[in-house]
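One file, coords39.cif, is given below (mmCIF, C-alpha atoms).
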data_run
loop_
_atom_site.label_atom_id
_atom_site.label_comp_id
_atom_site.auth_asym_id
_atom_site.auth_seq_id
_atom_site.Cartn_x
_atom_site.Cartn_y
_atom_site.Cartn_z
CA MET A 1 0.00 0.00 0.00
CA ALA A 2 2.93 2.26 0.64
CA ARG A 3 3.51 2.40 -3.03
CA TYR A 4 0.45 4.57 -3.39
CA ARG A 5 1.02 8.18 -2.71
CA LEU A 6 0.10 11.52 -4.10
CA GLY A 7 2.56 14.19 -4.91
CA VAL A 8 1.17 17.49 -5.94
CA LEU A 9 3.29 20.14 -7.53
CA VAL A 10 1.46 23.10 -8.86
CA ALA A 11 3.99 24.42 -11.28
CA GLY A 12 4.17 28.18 -11.50
CA PHE A 13 5.70 27.98 -14.92
CA GLY A 14 2.49 26.35 -16.04
CA LEU A 15 1.28 29.86 -16.71
CA LEU A 16 3.73 29.97 -19.55
CA PHE A 17 1.98 27.08 -21.20
CA ALA A 18 -1.50 28.45 -20.82
CA VAL A 19 -1.06 31.13 -23.44
CA LEU A 20 -0.31 28.68 -26.18
CA PRO A 21 -3.26 27.37 -28.14
CA ALA A 22 -3.42 23.80 -29.25
CA PHE A 23 -5.27 21.85 -31.85
CA ALA A 24 -5.69 18.64 -33.70
CA HIS A 25 -8.86 16.73 -33.21
CA HIS A 26 -9.63 18.93 -30.25
CA ALA A 27 -8.17 22.04 -28.68
CA PHE A 28 -5.92 21.40 -25.71
CA VAL A 29 -6.87 24.65 -24.00
CA ALA A 30 -10.57 23.83 -24.20
CA GLN A 31 -10.10 20.62 -22.25
CA TYR A 32 -7.06 20.85 -19.97
CA ASP A 33 -5.62 23.48 -17.66
CA ALA A 34 -1.87 23.49 -18.05
CA SER A 35 -1.55 26.12 -15.30
CA LYS A 36 -2.67 23.48 -12.79
CA SER A 37 -0.24 20.86 -13.95
CA THR A 38 0.37 18.30 -11.28
CA THR A 39 2.68 15.38 -10.67
CA LEU A 40 0.79 12.20 -9.91
CA HIS A 41 2.53 9.18 -8.40
CA GLY A 42 0.82 5.83 -8.55
CA VAL A 43 0.42 2.41 -10.05
CA VAL A 44 -0.80 1.69 -13.56
CA THR A 45 -4.06 -0.28 -13.54
CA LYS A 46 -4.89 -0.38 -17.26
CA VAL A 47 -3.44 0.68 -20.62
CA GLU A 48 -5.42 1.43 -23.79
CA TRP A 49 -3.25 1.66 -26.92
CA THR A 50 -6.00 3.31 -28.95
CA ASN A 51 -6.86 6.33 -31.09
CA PRO A 52 -7.36 9.22 -30.87
CA HIS A 53 -5.35 8.91 -27.67
CA ALA A 54 -3.51 6.14 -25.95
CA ARG A 55 -4.65 6.15 -22.34
CA PHE A 56 -3.49 4.67 -19.11
CA TYR A 57 -5.14 4.60 -15.73
CA VAL A 58 -3.29 5.11 -12.47
CA ASP A 59 -4.38 4.50 -8.89
CA VAL A 60 -3.26 7.47 -6.83
CA ARG A 61 -3.54 7.62 -3.03
CA ASP A 62 -3.99 11.04 -1.49
CA THR A 63 -2.78 12.16 1.93
CA SER A 64 -6.01 10.97 3.57
CA GLY A 65 -5.50 7.50 2.18
CA LYS A 66 -8.25 7.69 -0.41
CA VAL A 67 -7.38 6.01 -3.71
CA THR A 68 -8.52 7.63 -6.93
CA ASN A 69 -8.18 6.11 -10.36
CA TRP A 70 -6.96 8.75 -12.81
CA ASN A 71 -7.60 8.52 -16.55
CA LEU A 72 -4.45 9.84 -18.23
CA GLU A 73 -4.36 10.84 -21.87
CA LEU A 74 -1.31 10.36 -24.07
CA ALA A 75 -0.78 11.35 -27.69
CA SER A 76 -2.02 8.98 -30.37
CA PRO A 77 -0.20 5.68 -30.99
CA ASN A 78 1.16 6.86 -34.35
CA ALA A 79 2.83 9.89 -32.76
CA LEU A 80 4.00 7.90 -29.75
CA ARG A 81 5.54 5.25 -32.00
CA ARG A 82 7.42 7.92 -33.90
CA LEU A 83 8.74 9.23 -30.58
CA GLY A 84 10.05 5.81 -29.63
CA TRP A 85 7.24 4.54 -27.47
CA THR A 86 6.00 0.99 -27.76
CA ARG A 87 2.69 -0.31 -26.50
CA ASP A 88 4.33 -2.31 -23.71
CA ILE A 89 6.31 0.57 -22.18
CA LEU A 90 3.48 0.98 -19.68
CA LYS A 91 2.05 -2.13 -18.06
CA PRO A 92 -0.46 -2.71 -15.29
CA GLY A 93 1.40 -2.81 -11.99
CA ASP A 94 4.11 -0.34 -13.05
CA GLN A 95 4.92 2.45 -10.62
CA VAL A 96 4.98 5.76 -12.47
CA SER A 97 5.20 9.50 -11.91
CA VAL A 98 3.20 11.57 -14.36
CA PHE A 99 3.43 15.31 -14.90
CA ALA A 100 -0.05 16.06 -16.13
CA ALA A 101 -2.48 18.87 -16.91
CA PRO A 102 -5.87 18.18 -15.29
CA ALA A 103 -9.23 18.40 -17.03
CA LYS A 104 -10.96 21.75 -16.67
CA ASP A 105 -14.30 20.14 -15.86
CA GLY A 106 -13.03 18.48 -12.69
CA ALA A 107 -13.13 14.93 -14.03
CA LYS A 108 -10.37 12.63 -12.84
CA MET A 109 -8.75 12.94 -16.22
CA ALA A 110 -5.52 14.61 -17.19
CA ASN A 111 -3.26 15.07 -20.15
CA ALA A 112 0.00 13.30 -19.40
CA ARG A 113 2.88 15.46 -20.52
CA THR A 114 5.84 13.52 -19.24
CA VAL A 115 5.84 10.05 -17.76
CA THR A 116 8.69 8.91 -15.54
CA LEU A 117 8.86 5.15 -15.71
CA ALA A 118 9.87 2.80 -12.93
CA ASP A 119 13.34 2.45 -14.45
CA GLY A 120 13.85 6.21 -14.41
CA ARG A 121 13.24 6.89 -18.07
CA LYS A 122 11.33 10.11 -18.64
CA MET A 123 9.08 9.96 -21.68
CA VAL A 124 7.51 12.83 -23.56
CA ALA A 125 3.94 11.74 -23.47
CA GLY A 126 0.93 13.65 -24.49
CA VAL A 127 -0.16 16.98 -25.71
CA ALA A 128 2.67 19.24 -24.78
CA ALA A 129 1.01 22.60 -24.51
CA GLU A 130 4.41 24.22 -24.32
CA GLN A 131 4.91 23.17 -27.92
CA GLY A 132 1.67 24.55 -29.19
CA GLY A 133 0.03 21.35 -28.00
CA VAL A 134 -2.19 19.22 -30.11
CA GLN A 135 -4.87 16.80 -29.03
CA MET B 1 2.94 42.20 -33.38
CA THR B 2 3.35 38.76 -34.88
CA ARG B 3 7.09 38.96 -34.36
CA HIS B 4 6.60 39.91 -30.72
CA LEU B 5 4.17 37.07 -30.24
CA THR B 6 6.56 34.64 -31.85
CA CYS B 7 9.44 35.88 -29.70
CA PHE B 8 7.33 35.52 -26.58
CA ILE B 9 6.20 32.05 -27.50
CA VAL B 10 9.72 30.92 -28.34
CA THR B 11 10.94 32.39 -25.05
CA ALA B 12 8.13 30.75 -23.16
CA PHE B 13 8.85 27.45 -24.84
CA SER B 14 12.54 27.67 -24.05
CA LEU B 15 11.87 28.46 -20.39
CA ALA B 16 9.23 25.80 -20.15
CA THR B 17 11.51 23.24 -21.71
CA LEU B 18 14.36 24.14 -19.39
CA LEU B 19 12.15 24.09 -16.32
CA ALA B 20 9.82 21.25 -17.06
CA LEU B 21 11.73 18.79 -19.14
CA PRO B 22 15.32 18.80 -17.95
CA ALA B 23 15.67 15.05 -18.24
CA VAL B 24 13.84 14.55 -21.48
CA PRO B 25 16.27 13.05 -23.97
CA SER B 26 17.29 14.07 -27.45
CA PHE B 27 13.78 14.97 -28.58
CA ALA B 28 13.61 18.16 -26.56
CA GLN B 29 17.29 18.99 -26.74
CA GLY B 30 17.19 18.90 -30.49
CA GLN B 31 14.35 21.35 -30.53
CA GLN B 32 16.18 23.91 -28.42
CA SER B 33 18.86 24.29 -31.04
CA GLN B 34 16.39 25.33 -33.71
CA PRO B 35 15.25 28.88 -34.31
CA GLU B 36 11.57 27.92 -34.14
CA PRO B 37 10.78 24.60 -32.52
CA PRO B 38 8.39 22.42 -34.47
CA GLY B 39 4.82 23.04 -33.56
CA ILE B 40 5.58 26.30 -31.80
CA ASN B 41 3.47 28.18 -34.28
CA PRO B 42 0.22 29.21 -32.63
CA ALA B 43 -1.63 27.41 -35.36
CA GLY B 44 -0.92 24.05 -33.86
CA GLY B 45 1.78 21.44 -33.56
CA GLY B 46 2.48 19.70 -30.33
CA VAL B 47 3.76 16.21 -29.78
CA PRO B 48 2.37 14.69 -33.00
CA MET B 49 4.04 17.40 -35.07
CA ALA B 50 7.26 17.12 -33.09
CA SER B 51 7.22 13.36 -33.65
CA LEU B 52 7.73 14.02 -37.37
CA GLU B 53 10.70 16.32 -36.93
CA LYS B 54 13.43 13.70 -37.05
CA LEU B 55 11.77 12.09 -40.08
CA LYS B 56 12.17 15.13 -42.33
CA THR B 57 14.47 14.42 -45.24
CA LYS B 58 17.82 16.05 -44.51
CA SER B 59 19.19 16.11 -48.03
CA SER B 60 17.30 16.95 -51.14
CA GLY B 61 17.86 16.67 -54.86
CA PRO B 62 16.21 17.59 -58.12
CA THR B 63 12.48 17.26 -58.58
CA PRO B 64 11.69 13.62 -59.35
CA ARG B 65 9.92 13.10 -62.66
CA ALA B 66 7.33 10.57 -63.75
CA PRO B 67 7.93 8.65 -67.02
CA ASP B 68 5.71 11.20 -68.80
CA GLY B 69 7.99 14.02 -67.67
CA LYS B 70 5.58 15.50 -65.15
CA PRO B 71 6.86 16.16 -61.65
CA ASP B 72 6.27 13.11 -59.47
CA LEU B 73 4.56 14.29 -56.30
CA SER B 74 4.60 10.80 -54.78
CA GLY B 75 5.90 10.50 -51.26
CA ILE B 76 5.03 10.74 -47.60
CA TRP B 77 4.61 14.37 -46.65
CA GLY B 78 4.43 16.12 -43.30
CA PRO B 79 1.59 18.57 -42.63
CA ASP B 80 2.03 22.33 -42.55
CA PRO B 81 1.39 23.55 -38.97
CA HIS B 82 -0.24 26.71 -40.34
CA MET B 83 -3.12 24.64 -41.71
CA ILE B 84 -4.32 23.23 -38.40
CA GLY B 85 -5.49 25.61 -35.70
CA ASP B 86 -6.20 28.90 -37.47
CA ILE B 87 -5.78 29.20 -41.23
CA ALA B 88 -5.34 32.98 -40.91
CA VAL B 89 -1.66 32.32 -40.23
CA ALA B 90 -1.33 30.81 -43.71
CA LEU B 91 -2.34 34.06 -45.40
CA LYS B 92 0.24 36.49 -46.69
CA PRO B 93 1.63 38.61 -43.82
CA GLY B 94 -0.73 41.43 -42.92
CA GLU B 95 -3.71 39.91 -44.66
CA LYS B 96 -6.96 39.02 -42.88
CA LEU B 97 -9.61 36.45 -43.69
CA PRO B 98 -12.36 38.30 -45.59
CA LEU B 99 -15.21 36.89 -43.53
CA GLN B 100 -18.74 38.07 -44.13
CA PRO B 101 -20.30 39.44 -40.91
CA TRP B 102 -22.35 36.31 -40.21
CA ALA B 103 -19.32 34.10 -40.76
CA LEU B 104 -17.18 36.23 -38.44
CA LYS B 105 -19.89 36.05 -35.77
CA LEU B 106 -20.22 32.31 -36.13
CA SER B 107 -16.48 31.70 -35.97
CA LYS B 108 -16.36 33.62 -32.67
CA GLU B 109 -19.32 31.72 -31.24
CA ARG B 110 -18.25 28.22 -32.15
CA LEU B 111 -17.13 26.05 -29.27
CA SER B 112 -14.51 23.34 -29.50
CA LYS B 113 -16.90 20.64 -28.37
CA ASP B 114 -18.90 21.22 -31.54
CA ASP B 115 -15.90 20.88 -33.84
CA PRO B 116 -16.73 17.94 -36.14
CA ASN B 117 -13.07 16.97 -35.98
CA ALA B 118 -13.36 16.50 -32.20
CA SER B 119 -16.09 13.95 -32.89
CA CYS B 120 -13.84 12.20 -35.39
CA LEU B 121 -15.56 13.51 -38.51
CA PRO B 122 -13.35 14.44 -41.48
CA SER B 123 -11.34 17.64 -41.75
CA GLY B 124 -12.29 18.43 -45.33
CA ILE B 125 -10.16 20.96 -47.24
CA PRO B 126 -7.92 22.87 -46.46
CA ARG B 127 -7.62 21.79 -42.84
CA GLN B 128 -4.79 19.48 -41.88
CA SER B 129 -3.96 17.47 -38.79
CA PRO B 130 -0.49 16.98 -37.34
CA PHE B 131 -0.14 13.67 -39.13
CA PRO B 132 1.46 12.78 -42.48
CA PHE B 133 -0.24 12.16 -45.79
CA LYS B 134 0.94 10.08 -48.69
CA ILE B 135 0.61 11.02 -52.35
CA ILE B 136 0.52 8.31 -54.99
CA GLU B 137 0.77 9.75 -58.49
CA THR B 138 -0.24 7.85 -61.59
CA PRO B 139 -0.74 9.38 -65.05
CA LYS B 140 -4.50 9.74 -64.73
CA LEU B 141 -5.22 9.53 -61.03
CA ILE B 142 -3.50 11.07 -58.03
CA VAL B 143 -4.41 9.67 -54.64
CA PHE B 144 -3.90 11.28 -51.24
CA LEU B 145 -3.85 8.79 -48.39
CA ILE B 146 -4.50 10.80 -45.25
CA GLU B 147 -3.38 9.39 -41.90
CA GLY B 148 -5.64 11.66 -39.89
CA ASN B 149 -7.85 13.23 -38.83
CA VAL B 150 -9.72 11.18 -39.99
CA HIS B 151 -7.98 8.24 -41.57
CA THR B 152 -9.18 8.69 -45.15
CA TYR B 153 -8.29 9.41 -48.78
CA ARG B 154 -8.77 11.85 -51.64
CA GLN B 155 -8.92 11.04 -55.33
CA ILE B 156 -7.85 13.63 -57.90
CA PHE B 157 -8.73 12.68 -61.44
CA VAL B 158 -6.22 14.01 -64.01
CA ASP B 159 -7.79 12.35 -67.02
CA GLY B 160 -9.27 15.45 -68.61
CA SER B 161 -12.71 14.80 -67.18
CA SER B 162 -14.96 17.46 -65.70
CA HIS B 163 -16.89 17.58 -62.45
CA PRO B 164 -20.06 15.50 -62.62
CA LYS B 165 -23.26 17.50 -62.54
CA ASP B 166 -25.59 17.37 -59.55
CA LEU B 167 -22.96 16.33 -57.01
CA ASP B 168 -24.16 15.40 -53.56
CA PRO B 169 -22.44 17.61 -50.98
CA SER B 170 -19.50 15.79 -49.41
CA TRP B 171 -16.59 16.31 -47.00
CA PHE B 172 -13.88 16.35 -49.66
CA GLY B 173 -15.92 17.26 -52.72
CA ASP B 174 -15.04 16.21 -56.26
CA SER B 175 -11.48 16.93 -57.38
CA ARG B 176 -10.27 17.21 -60.98
CA GLY B 177 -6.64 18.05 -61.73
CA LYS B 178 -4.59 19.24 -64.67
CA TRP B 179 -0.96 20.16 -65.15
CA ASP B 180 0.01 23.77 -65.73
CA GLY B 181 3.68 23.28 -66.59
CA ASP B 182 5.22 21.77 -63.47
CA THR B 183 2.25 22.75 -61.28
CA LEU B 184 -0.62 20.42 -60.51
CA VAL B 185 -3.81 22.47 -60.40
CA VAL B 186 -6.65 20.80 -58.52
CA ASP B 187 -10.19 22.13 -58.80
CA THR B 188 -12.65 20.93 -56.18
CA VAL B 189 -16.38 21.58 -55.79
CA GLY B 190 -19.31 19.71 -54.28
CA PHE B 191 -18.52 20.30 -50.62
CA ASN B 192 -20.89 20.04 -47.69
CA ASP B 193 -20.92 22.89 -45.15
CA LYS B 194 -20.28 20.66 -42.13
CA PHE B 195 -16.53 20.75 -41.63
CA TRP B 196 -14.59 23.61 -40.09
CA PHE B 197 -11.66 25.16 -41.92
CA ASP B 198 -9.59 24.99 -38.73
CA GLY B 199 -9.67 24.38 -35.00
CA ILE B 200 -11.21 27.72 -34.12
CA GLY B 201 -14.10 27.21 -36.50
CA HIS B 202 -13.81 29.37 -39.61
CA PRO B 203 -16.94 28.40 -41.56
CA HIS B 204 -17.90 27.95 -45.19
CA THR B 205 -20.95 27.12 -47.27
CA GLU B 206 -21.82 24.64 -50.00
CA LYS B 207 -20.78 27.32 -52.49
CA LEU B 208 -17.17 26.54 -51.61
CA HIS B 209 -14.83 26.19 -54.57
CA VAL B 210 -11.20 25.30 -53.83
CA ILE B 211 -8.27 25.59 -56.22
CA GLU B 212 -5.01 24.00 -55.09
CA ARG B 213 -1.70 24.49 -56.89
CA TYR B 214 0.97 21.92 -55.98
CA ARG B 215 4.66 22.13 -56.89
CA ARG B 216 7.63 20.03 -55.94
CA PRO B 217 10.49 22.51 -56.24
CA ASP B 218 13.01 19.87 -55.19
CA ALA B 219 12.87 16.28 -54.02
CA GLY B 220 12.38 17.16 -50.37
CA HIS B 221 9.62 19.76 -50.47
CA LEU B 222 6.04 20.19 -51.58
CA ALA B 223 4.90 23.81 -51.98
CA TYR B 224 1.26 24.62 -52.46
CA GLU B 225 -1.22 27.45 -52.61
CA ILE B 226 -4.85 26.93 -51.77
CA THR B 227 -7.34 29.46 -53.06
CA ILE B 228 -10.65 29.50 -51.21
CA ASP B 229 -13.58 30.93 -53.14
CA ASP B 230 -16.80 30.85 -51.14
CA PRO B 231 -19.14 33.72 -51.95
CA GLY B 232 -21.52 32.37 -49.31
CA ALA B 233 -19.20 33.11 -46.38
CA TYR B 234 -16.36 35.35 -47.59
CA THR B 235 -16.36 38.70 -49.34
CA ARG B 236 -13.66 37.68 -51.84
CA PRO B 237 -11.45 34.72 -52.67
CA PHE B 238 -8.28 34.37 -50.61
CA THR B 239 -5.17 32.22 -50.86
CA LEU B 240 -3.35 30.18 -48.24
CA TYR B 241 0.33 29.35 -48.64
CA ALA B 242 1.72 26.09 -47.32
CA ASN B 243 4.72 23.78 -47.46
CA SER B 244 5.22 20.16 -46.61
CA PRO B 245 8.48 18.36 -45.91
CA LEU B 246 9.20 14.94 -47.38
CA LEU B 247 9.37 12.35 -44.62
CA GLN B 248 11.56 9.28 -44.61
CA ASN B 249 11.86 6.14 -42.49
CA THR B 250 8.17 6.08 -41.70
CA GLU B 251 4.88 4.98 -43.17
CA ILE B 252 1.42 6.36 -42.70
CA MET B 253 -0.31 4.57 -39.88
CA GLU B 254 -3.87 3.95 -38.79
CA TYR B 255 -5.76 6.70 -37.00
CA PHE B 256 -9.31 5.58 -36.44
CA CYS B 257 -10.25 8.40 -34.12
CA ILE B 258 -13.66 6.98 -33.28
CA GLU B 259 -12.08 3.95 -31.60
CA ASN B 260 -11.78 5.42 -28.11
CA ASN B 261 -12.79 9.06 -28.30
CA GLN B 262 -13.53 10.11 -24.71
CA ASP B 263 -12.85 13.79 -25.18
CA VAL B 264 -15.97 15.54 -26.39
CA ALA B 265 -17.88 15.38 -23.11
CA HIS B 266 -14.95 17.12 -21.37
CA ILE B 267 -14.28 19.93 -23.84
CA LEU B 268 -15.17 23.38 -22.55
CA GLY B 269 -14.99 26.71 -24.34
CA LYS B 270 -13.02 27.20 -27.48
CA GLY B 271 -9.50 27.20 -28.79
CA THR B 272 -7.54 30.40 -29.01
CA PRO B 273 -7.21 32.21 -32.33
CA ALA B 274 -3.66 32.50 -33.56
CA LYS B 275 -4.20 36.20 -34.06
CA GLU B 276 -7.08 38.62 -34.34
#

Step by step, read the file and then write its structure as structure tokens.
Amino acid sequence: MARYRLGVLVAGFGLLFAVLPAFAHHAFVAQYDASKSTTLHGVVTKVEWTNPHARFYVDVRDTSGKVTNWNLELASPNALRRLGWTRDILKPGDQVSVFAAPAKDGAKMANARTVTLADGRKMVAGVAAEQGGVQ
Amino acid sequence: MTRHLTCFIVTAFSLATLLALPAVPSFAQGQQSQPEPPGINPAGGGVPMASLEKLKTKSSGPTPRAPDGKPDLSGIWGPDPHMIGDIAVALKPGEKLPLQPWALKLSKERLSKDDPNASCLPSGIPRQSPFPFKIIETPKLIVFLIEGNVHTYRQIFVDGSSHPKDLDPSWFGDSRGKWDGDTLVVDTVGFNDKFWFDGIGHPHTEKLHVIERYRRPDAGHLAYEITIDDPGAYTRPFTLYANSPLLQNTEIMEYFCIENNQDVAHILGKGTPAKE
């Protein structure tokens, strides 16, 4: 159980990202709030290698001990492949840290921007708003 | 103004990269050395666009030719980031989209959740997504295989035929091409009015008539102008200017957006125009 924990870092530099619009099949700024980007620590419970976004789900335990399953959005598999990802990089049971921009509507969803894997690798992940972010 | 915006964005990107991604490997480091990181343009970009950066052909050569002497446009091409979020950035500098009042009002009112592209409907023309497309050129038919969004195709008939009469309105219309020297001129009519020209929702009507002019000035680049003539929504025709890089060591891949599209219910508000 100790492996579950929540780390929250509200990044001040997130404000830098917020000014940059983002598009592809939907606008990043209309769905996620980069200014509230947060680091989530937890354990992967499920991976969906699908379009328009690969997704993975992470159980995160907060300071009160409550476990919440977060739905984390990655880029699409074609883009991830071209960045060197493979579909088995994330597996259920993996401990991960995810720097993510949460959904504006309060859902337990977030756009994963970097994923730090159990072996220490740090992967560029989803819609990077700082790059003009796209879906 | 545009230069200041660009400087600010580049500065913001550089700071953000330094602060947020210090351990990200070559992907981010490579971007920092470039004058304008891929996808930094306010029109769009992001990870999918950046994922194509290392695939751009480094060396080029003379324009490849088909056996009939025409330029061979075949290849896998990267999108132009100006053709994604707000097509106004693809106009000549200083120019504005000549929207009719109702079209200007509608483009300001449209919300991202209502973007057909967000619901995995086709982009139509001229909108692009940050994914490659593949051109296959034959003497009488040129095919565009489009990775996304959505995963689809276009057919351009270059057999001297004319548009059929009484076309049903469609997402990509009916395209007929002819060669003007080394330029492929594509004339398309028969569009529906459902798709948005870009992410912020510039509209059009079924009166839309699109003329595309494609050149391959060298092996590694596709240069094209897209003239939009829609007397239903714009006060005059206007032309967008775009370029695509040849990509290597990749293939177009599947992008069936409808497979697991969870986004629409969570989209609030609208995207930000690239400029007013």

Worksheet entry | Shell of 9 Å around segment 70-87 of chain A, only C-alpha atoms, local chain residues under 3 positions omitted, as number ranges by chain | A: 40, 47-60, 90-91, 98, 100, 102, 107-113, 123-127, 134-135; B: 27, 47-52, 54-55, 131, 250, 252-255

Selection export as a short mmCIF file (atom, residue, chain, number, x, y, z; two decimals), in the frame of the given file, atoms kept: C-alpha atoms:
data_model
loop_
_atom_site.label_atom_id
_atom_site.label_comp_id
_atom_site.auth_asym_id
_atom_site.auth_seq_id
_atom_site.Cartn_x
_atom_site.Cartn_y
_atom_site.Cartn_z
CA LEU A 40 0.79 12.20 -9.91
CA VAL A 47 -3.44 0.68 -20.62
CA GLU A 48 -5.42 1.43 -23.79
CA TRP A 49 -3.25 1.66 -26.92
CA THR A 50 -6.00 3.31 -28.95
CA ASN A 51 -6.86 6.33 -31.09
CA PRO A 52 -7.36 9.22 -30.87
CA HIS A 53 -5.35 8.91 -27.67
CA ALA A 54 -3.51 6.14 -25.95
CA ARG A 55 -4.65 6.15 -22.34
CA PHE A 56 -3.49 4.67 -19.11
CA TYR A 57 -5.14 4.60 -15.73
CA VAL A 58 -3.29 5.11 -12.47
CA ASP A 59 -4.38 4.50 -8.89
CA VAL A 60 -3.26 7.47 -6.83
CA LEU A 90 3.48 0.98 -19.68
CA LYS A 91 2.05 -2.13 -18.06
CA VAL A 98 3.20 11.57 -14.36
CA ALA A 100 -0.05 16.06 -16.13
CA PRO A 102 -5.87 18.18 -15.29
CA ALA A 107 -13.13 14.93 -14.03
CA LYS A 108 -10.37 12.63 -12.84
CA MET A 109 -8.75 12.94 -16.22
CA ALA A 110 -5.52 14.61 -17.19
CA ASN A 111 -3.26 15.07 -20.15
CA ALA A 112 0.00 13.30 -19.40
CA ARG A 113 2.88 15.46 -20.52
CA MET A 123 9.08 9.96 -21.68
CA VAL A 124 7.51 12.83 -23.56
CA ALA A 125 3.94 11.74 -23.47
CA GLY A 126 0.93 13.65 -24.49
CA VAL A 127 -0.16 16.98 -25.71
CA VAL A 134 -2.19 19.22 -30.11
CA GLN A 135 -4.87 16.80 -29.03
CA PHE B 27 13.78 14.97 -28.58
CA VAL B 47 3.76 16.21 -29.78
CA PRO B 48 2.37 14.69 -33.00
CA MET B 49 4.04 17.40 -35.07
CA ALA B 50 7.26 17.12 -33.09
CA SER B 51 7.22 13.36 -33.65
CA LEU B 52 7.73 14.02 -37.37
CA LYS B 54 13.43 13.70 -37.05
CA LEU B 55 11.77 12.09 -40.08
CA PHE B 131 -0.14 13.67 -39.13
CA THR B 250 8.17 6.08 -41.70
CA ILE B 252 1.42 6.36 -42.70
CA MET B 253 -0.31 4.57 -39.88
CA GLU B 254 -3.87 3.95 -38.79
CA TYR B 255 -5.76 6.70 -37.00
#

Item to complete: Evaluate the PyMOL selection byres ((chain B and resi 223-231) around 10) on the structure here and hand back the selected residues as a ChimeraX atom specification.
Response: /B:80,90-91,99-100,125-126,183-187,203-218,221-222,232-245

Practice prompt. Report as a list in words the residues that result from applying the PyMOL selection byres ((chain B and resi 257) around 9) to the structure here.
Written response: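 So the PyMOL selection byres ((chain B and resi 257) around 9) ends up selecting His25, Thr50, Asn51, Pro52 and His53 of chain A; Ala118, Ser119, Cys120, Leu121, Gly148, Asn149, Val150, His151, Tyr255, Phe256, Ile258, Glu259, Asn260 and Asn261 of chain B.
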
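From atom CA of Lys104 of chain A back to atom CA of Pro81 of chain B, the distance works out to 25.6 Å.
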
Worksheet entry | Selected residue, from B:Thr138, B:Thr152, B:Ser161, B:Ser112, that lies nearest to chain A when counting only C-alpha atoms | B:Ser112

Worksheet item: Please, what distance in Å, to one decimal, runs between atom CA of Asp105 of chain A and atom CA of Glu109 of chain B?
Response: 19.9 Å

Worksheet item: Suppose you want the space between atom CA of Lys58 of chain B and atom CA of Phe133 of chain B; what is it in Å?
Response: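 A separation of 18.5 Å between them.
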
Discussion item. When you look at Met83 of chain B with a cut-off of 6 Å (counting only C-alpha atoms), what residues show up, excluding the ones that are within fewer than 3 positions of it in the same chain? I need them as a PyMOL selection string.
Written reply: chain B and resi 80+87+127-128

Item to complete: Rank A:Asp88, A:Lys122, A:Thr114, A:His26 by their smallest atom-to-atom distance to Lys46 of chain A, using all atoms listed in the file, and report the top residue only.
Response: A:Asp88

Discussion item. At a cut-off of 6 Å, using all atoms listed in the file, what residues contact Ile267 of chain B? Leave out same-chain residues fewer than 5 positions from it and give the result as a list in words.
Written reply: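 Residues meeting the cut-off are Ala30 and Gln31 of chain A; Lys113 of chain B.
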
Discussion item. Could you check the closest approach to chain B for each of A:Asp119, A:Val96, A:Ala103, A:Ser37 and tell me which residue wins, using all atoms listed in the file?
Written reply: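 Of A:Asp119, A:Val96, A:Ala103, A:Ser37, the one nearest chain B is A:Ala103, counting all atoms listed in the file.
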
Practice prompt. Expand the PyMOL selection byres ((chain B and resi 62) around 7) into the individual residues it matches in the shown file, reporting them as a PyMOL selection string.
Written response: chain B and resi 61+63-64+218-219

Worksheet entry | Counting only C-alpha atoms, the residue of B:Leu111, B:Leu145, B:Leu106, B:Ile156 that sits nearest chain A |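 Once distances to chain A are computed over only C-alpha atoms, the minimum belongs to B:Leu111.
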